[in-house]
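So this block is final27.cif, mmCIF, C-alpha atoms, pLDDT in the B column; chains and numbers go by the auth columns:
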data_start
#
loop_
_atom_site.group_PDB
_atom_site.id
_atom_site.type_symbol
_atom_site.label_atom_id
_atom_site.label_comp_id
_atom_site.label_asym_id
_atom_site.label_seq_id
_atom_site.Cartn_x
_atom_site.Cartn_y
_atom_site.Cartn_z
_atom_site.B_iso_or_equiv
_atom_site.auth_seq_id
_atom_site.auth_asym_id
ATOM 1 C CA MET A 1 -9.155 -60.805 8.590 49.00 1 A
ATOM 2 C CA LYS A 2 -8.899 -58.870 5.375 51.00 2 A
ATOM 3 C CA GLN A 3 -6.259 -56.177 5.085 52.00 3 A
ATOM 4 C CA THR A 4 -7.398 -52.868 3.632 49.00 4 A
ATOM 5 C CA GLU A 5 -5.341 -50.400 1.744 52.00 5 A
ATOM 6 C CA PRO A 6 -4.562 -47.224 3.626 48.00 6 A
ATOM 7 C CA ALA A 7 -6.715 -44.365 2.454 48.00 7 A
ATOM 8 C CA THR A 8 -4.942 -42.161 -0.017 48.00 8 A
ATOM 9 C CA PRO A 9 -4.954 -38.596 1.114 48.00 9 A
ATOM 10 C CA GLU A 10 -6.823 -36.278 -1.192 54.00 10 A
ATOM 11 C CA ALA A 11 -4.617 -33.732 -2.834 51.00 11 A
ATOM 12 C CA ALA A 12 -5.088 -30.311 -1.373 45.00 12 A
ATOM 13 C CA PRO A 13 -6.585 -27.917 -3.878 47.00 13 A
ATOM 14 C CA GLU A 14 -3.975 -25.699 -5.466 49.00 14 A
ATOM 15 C CA VAL A 15 -4.131 -22.197 -4.072 44.00 15 A
ATOM 16 C CA VAL A 16 -4.150 -19.661 -6.859 45.00 16 A
ATOM 17 C CA ILE A 17 -2.885 -16.240 -5.938 47.00 17 A
ATOM 18 C CA ASP A 18 -4.209 -13.375 -8.016 53.00 18 A
ATOM 19 C CA PRO A 19 -1.179 -11.543 -9.499 46.00 19 A
ATOM 20 C CA LEU A 20 -2.985 -8.297 -8.750 49.00 20 A
ATOM 21 C CA GLY A 21 -3.668 -9.513 -5.230 72.00 21 A
ATOM 22 C CA THR A 22 -1.125 -7.082 -3.871 81.00 22 A
ATOM 23 C CA VAL A 23 -2.798 -4.525 -1.659 85.00 23 A
ATOM 24 C CA VAL A 24 -1.081 -1.670 0.130 90.00 24 A
ATOM 25 C CA ASP A 25 -3.202 0.574 2.324 89.00 25 A
ATOM 26 C CA VAL A 26 -1.711 3.462 4.314 93.00 26 A
ATOM 27 C CA ILE A 27 -4.074 5.545 6.437 93.00 27 A
ATOM 28 C CA GLU A 28 -3.076 8.553 8.521 93.00 28 A
ATOM 29 C CA ASN A 29 -5.131 9.614 11.532 94.00 29 A
ATOM 30 C CA GLU A 30 -4.027 13.145 12.463 91.00 30 A
ATOM 31 C CA VAL A 31 -6.096 13.238 15.661 93.00 31 A
ATOM 32 C CA GLU A 32 -4.654 10.014 17.082 95.00 32 A
ATOM 33 C CA LYS A 33 -1.183 10.646 15.557 95.00 33 A
ATOM 34 C CA LYS A 34 -1.310 7.179 14.051 96.00 34 A
ATOM 35 C CA ILE A 35 -0.442 5.745 10.641 96.00 35 A
ATOM 36 C CA THR A 36 -1.666 2.253 9.801 95.00 36 A
ATOM 37 C CA VAL A 37 0.034 0.288 7.028 94.00 37 A
ATOM 38 C CA SER A 38 -1.912 -2.790 5.972 92.00 38 A
ATOM 39 C CA GLY A 39 -2.455 -5.147 3.050 91.00 39 A
ATOM 40 C CA GLN A 40 -0.402 -7.899 1.479 90.00 40 A
ATOM 41 C CA ILE A 41 2.747 -7.828 -0.599 90.00 41 A
ATOM 42 C CA SER A 42 5.384 -10.341 -1.666 89.00 42 A
ATOM 43 C CA SER A 43 8.454 -8.833 0.023 90.00 43 A
ATOM 44 C CA ARG A 44 9.228 -8.323 3.688 92.00 44 A
ATOM 45 C CA ILE A 45 12.147 -6.054 2.678 92.00 45 A
ATOM 46 C CA GLN A 46 9.822 -3.719 0.756 91.00 46 A
ATOM 47 C CA THR A 47 7.473 -3.571 3.734 92.00 47 A
ATOM 48 C CA GLN A 48 10.318 -2.854 6.173 94.00 48 A
ATOM 49 C CA ASN A 49 11.658 -0.153 3.848 93.00 49 A
ATOM 50 C CA LEU A 50 8.256 1.570 3.714 94.00 50 A
ATOM 51 C CA ILE A 51 7.729 1.377 7.492 95.00 51 A
ATOM 52 C CA SER A 52 11.216 2.676 8.325 95.00 52 A
ATOM 53 C CA LYS A 53 10.903 5.618 5.878 95.00 53 A
ATOM 54 C CA ILE A 54 7.551 6.615 7.386 95.00 54 A
ATOM 55 C CA GLN A 55 8.943 6.332 10.936 96.00 55 A
ATOM 56 C CA SER A 56 12.018 8.410 10.111 95.00 56 A
ATOM 57 C CA GLU A 57 10.037 11.191 8.377 94.00 57 A
ATOM 58 C CA LEU A 58 7.119 11.269 10.827 94.00 58 A
ATOM 59 C CA PRO A 59 8.653 10.445 14.227 95.00 59 A
ATOM 60 C CA ASP A 60 5.715 11.955 16.162 95.00 60 A
ATOM 61 C CA PHE A 61 3.330 9.356 14.720 96.00 61 A
ATOM 62 C CA ASP A 62 2.777 5.815 15.915 96.00 62 A
ATOM 63 C CA VAL A 63 3.230 3.558 12.869 96.00 63 A
ATOM 64 C CA VAL A 64 1.206 0.340 13.031 96.00 64 A
ATOM 65 C CA ASP A 65 2.447 -2.419 10.707 95.00 65 A
ATOM 66 C CA GLU A 66 -0.387 -4.765 9.734 94.00 66 A
ATOM 67 C CA MET A 67 1.163 -5.902 6.438 92.00 67 A
ATOM 68 C CA LYS A 68 1.032 -9.576 5.530 91.00 68 A
ATOM 69 C CA ILE A 69 3.798 -11.123 3.468 91.00 69 A
ATOM 70 C CA GLU A 70 2.628 -13.470 0.716 87.00 70 A
ATOM 71 C CA PRO A 71 5.708 -14.676 -1.213 87.00 71 A
ATOM 72 C CA ARG A 72 3.526 -16.283 -3.903 85.00 72 A
ATOM 73 C CA LEU A 73 2.308 -12.876 -5.049 85.00 73 A
ATOM 74 C CA THR A 74 3.893 -11.350 -8.105 80.00 74 A
ATOM 75 C CA SER A 75 6.666 -8.950 -7.148 80.00 75 A
ATOM 76 C CA MET A 76 5.644 -5.369 -7.846 81.00 76 A
ATOM 77 C CA LEU A 77 8.357 -3.162 -9.317 79.00 77 A
ATOM 78 C CA TRP A 78 6.806 -0.014 -7.890 85.00 78 A
ATOM 79 C CA ALA A 79 6.983 -1.361 -4.334 87.00 79 A
ATOM 80 C CA ASN A 80 10.643 -0.332 -4.082 88.00 80 A
ATOM 81 C CA ARG A 81 9.730 3.245 -5.103 90.00 81 A
ATOM 82 C CA VAL A 82 6.430 3.647 -3.235 92.00 82 A
ATOM 83 C CA PRO A 83 7.954 5.357 -0.144 94.00 83 A
ATOM 84 C CA GLU A 84 8.918 8.231 -2.524 94.00 84 A
ATOM 85 C CA LEU A 85 5.171 8.864 -2.933 94.00 85 A
ATOM 86 C CA ILE A 86 3.705 7.806 0.405 95.00 86 A
ATOM 87 C CA VAL A 87 6.048 9.843 2.634 95.00 87 A
ATOM 88 C CA PRO A 88 5.345 13.205 0.887 95.00 88 A
ATOM 89 C CA LEU A 89 1.636 12.341 0.846 95.00 89 A
ATOM 90 C CA LEU A 90 1.691 11.771 4.623 95.00 90 A
ATOM 91 C CA VAL A 91 3.752 14.915 5.265 94.00 91 A
ATOM 92 C CA GLU A 92 1.794 17.294 3.002 95.00 92 A
ATOM 93 C CA ILE A 93 -1.792 16.009 3.216 96.00 93 A
ATOM 94 C CA GLU A 94 -4.043 15.966 6.281 95.00 94 A
ATOM 95 C CA ASN A 95 -5.558 12.565 7.059 95.00 95 A
ATOM 96 C CA ALA A 96 -3.786 11.128 4.043 96.00 96 A
ATOM 97 C CA HIS A 97 -4.837 7.831 2.524 96.00 97 A
ATOM 98 C CA PHE A 98 -2.860 5.817 -0.024 96.00 98 A
ATOM 99 C CA ARG A 99 -4.296 2.606 -1.443 94.00 99 A
ATOM 100 C CA TYR A 100 -3.151 0.285 -4.198 91.00 100 A
ATOM 101 C CA GLU A 101 -5.398 -2.585 -5.217 89.00 101 A
ATOM 102 C CA LYS A 102 -5.961 -4.441 -8.494 86.00 102 A
ATOM 103 C CA GLY A 103 -3.835 -2.014 -10.467 87.00 103 A
ATOM 104 C CA VAL A 104 -5.521 1.142 -9.183 91.00 104 A
ATOM 105 C CA THR A 105 -3.757 3.670 -6.952 93.00 105 A
ATOM 106 C CA LEU A 106 -5.832 6.003 -4.777 95.00 106 A
ATOM 107 C CA LEU A 107 -4.574 9.220 -3.191 96.00 107 A
ATOM 108 C CA ASP A 108 -6.950 10.861 -0.700 96.00 108 A
ATOM 109 C CA GLY A 109 -6.965 13.397 2.098 96.00 109 A
ATOM 110 C CA THR A 110 -7.163 17.176 2.443 96.00 110 A
ATOM 111 C CA SER A 111 -4.744 19.880 1.320 95.00 111 A
ATOM 112 C CA LYS A 112 -4.754 23.643 1.705 92.00 112 A
ATOM 113 C CA ASP A 113 -2.752 24.004 -1.506 92.00 113 A
ATOM 114 C CA PRO A 114 -4.044 22.836 -4.906 92.00 114 A
ATOM 115 C CA ASN A 115 -0.464 22.827 -6.236 94.00 115 A
ATOM 116 C CA VAL A 116 0.512 20.180 -3.668 94.00 116 A
ATOM 117 C CA ALA A 117 -2.403 17.965 -4.708 92.00 117 A
ATOM 118 C CA ARG A 118 -1.409 18.256 -8.395 93.00 118 A
ATOM 119 C CA ALA A 119 2.292 17.666 -7.646 95.00 119 A
ATOM 120 C CA LEU A 120 1.469 14.483 -5.694 95.00 120 A
ATOM 121 C CA SER A 121 -0.643 13.267 -8.595 93.00 121 A
ATOM 122 C CA ARG A 122 2.255 13.780 -11.046 94.00 122 A
ATOM 123 C CA LEU A 123 4.667 12.110 -8.609 94.00 123 A
ATOM 124 C CA GLY A 124 2.254 9.198 -8.226 92.00 124 A
ATOM 125 C CA VAL A 125 2.097 8.573 -11.966 91.00 125 A
ATOM 126 C CA GLY A 126 5.902 8.310 -12.103 90.00 126 A
ATOM 127 C CA VAL A 127 6.336 6.200 -8.970 91.00 127 A
ATOM 128 C CA MET A 128 3.524 3.771 -9.715 89.00 128 A
ATOM 129 C CA GLU A 129 4.388 3.302 -13.381 84.00 129 A
ATOM 130 C CA SER A 130 4.646 -0.409 -14.207 79.00 130 A
ATOM 131 C CA LEU A 131 2.876 -3.072 -16.233 70.00 131 A
ATOM 132 C CA ASP A 132 0.571 -3.957 -13.344 75.00 132 A
ATOM 133 C CA SER A 133 -0.621 -0.393 -12.702 81.00 133 A
ATOM 134 C CA LYS A 134 -3.800 0.626 -14.510 87.00 134 A
ATOM 135 C CA SER A 135 -4.679 4.057 -13.136 91.00 135 A
ATOM 136 C CA LEU A 136 -4.198 6.654 -10.427 92.00 136 A
ATOM 137 C CA LYS A 137 -7.186 8.352 -8.792 94.00 137 A
ATOM 138 C CA ASN A 138 -6.382 11.622 -7.053 94.00 138 A
ATOM 139 C CA GLN A 139 -9.227 12.303 -4.637 96.00 139 A
ATOM 140 C CA ILE A 140 -7.327 14.836 -2.535 96.00 140 A
ATOM 141 C CA LYS A 141 -9.713 17.593 -1.525 95.00 141 A
ATOM 142 C CA VAL A 142 -8.502 21.189 -1.452 93.00 142 A
ATOM 143 C CA GLN A 143 -9.670 23.124 1.579 89.00 143 A
ATOM 144 C CA GLU A 144 -10.588 26.721 0.798 78.00 144 A
ATOM 145 C CA ALA A 145 -8.596 29.366 2.663 66.00 145 A
ATOM 146 C CA LYS A 146 -10.771 31.224 5.164 61.00 146 A
#

Write the structure described by the file as structure tokens, please.
Amino acid sequence: MKQTEPATPEAAPEVVIDPLGTVVDVIENEVEKKITVSGQISSRIQTQNLISKIQSELPDFDVVDEMKIEPRLTSMLWANRVPELIVPLLVEIENAHFRYEKGVTLLDGTSKDPNVARALSRLGVGVMESLDSKSLKNQIKVQEAK
């Protein structure tokens, strides 16, 4: 009987993580009193910091943590500062939505005060400033006073 060589396992393909693969999505639902935090980021500590700041500032809301930790992602410098933007956005804007993906930051929701919308935009530029950030889109709508 002829002996055969054991099959050599094929090397698993190398997984390449996009350095701009970090996604942070925070959506507020005023009706359900719920805030959902989802996406992927490289640091569990940054995620826990964001969740705890939201919970402490908005205790009447149920905060749902759907973040995934992907340590192979590039660490984002702004992720330590992002609660400074997201918490005021959630407090001041109705049905607020924050999203960061592929270098673009989105602010959305409804405000009764145009000054608040502009102030959040200026704050966002400062907080999100880093080499990986390309732009900030302020899509906050201002509701006319009746």

Tell me, in Å to one decimal, how far atom CA of A:Lys33 is from atom CA of A:Gln143. 20.6 Å

Please determine, counting all atoms listed in the file, which residue among A:Ile51, A:Val26, A:Leu77, A:Leu85 has the shortest atom-to-atom distance to A:Leu131.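 The closest residue to A:Leu131 is A:Leu77.
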
Using only C-alpha atoms, which of A:Thr47, A:Ser75, A:Ser42, A:Asn80 sits nearest A:Val127?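 Checking each of A:Thr47, A:Ser75, A:Ser42, A:Asn80 against A:Val127, counting only C-alpha atoms, the winner is A:Asn80.
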
For the structure shown, which residues end up in the PyMOL selection byres ((chain A and resi 95-103) around 9)? Put them as a VMD selection string, please? chain A and resid 19 to 31 86 89 to 94 104 to 110 131 to 136 140

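Between atom CA of A:Lys112 and atom CA of A:Val142 the interatomic distance comes to 5.5 Å.
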
Taking (9.8, -0.3, -1.9) in the file's own coordinates, collect the residues within 8 Å, counting all atoms listed in the file, and hand them back as an MDAnalysis selection string. chainID A and resid 45:47 49:50 78:83

May I ask for the distance between atom CA of A:Gln48 and atom CA of A:Glu129, given in Å to one decimal place?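 These atoms are spaced 21.3 Å apart.
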
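Matched in the shown structure by the PyMOL selection byres ((chain A and resi 62) around 7): A:Lys33, A:Lys34, A:Ile35, A:Asp60, A:Phe61, A:Val63, A:Val64.
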
Min atom-atom distance to A:Ile41 from the set A:Leu73, A:Ser56, A:Glu66, A:Lys141, counting only C-alpha atoms, belongs to A:Leu73
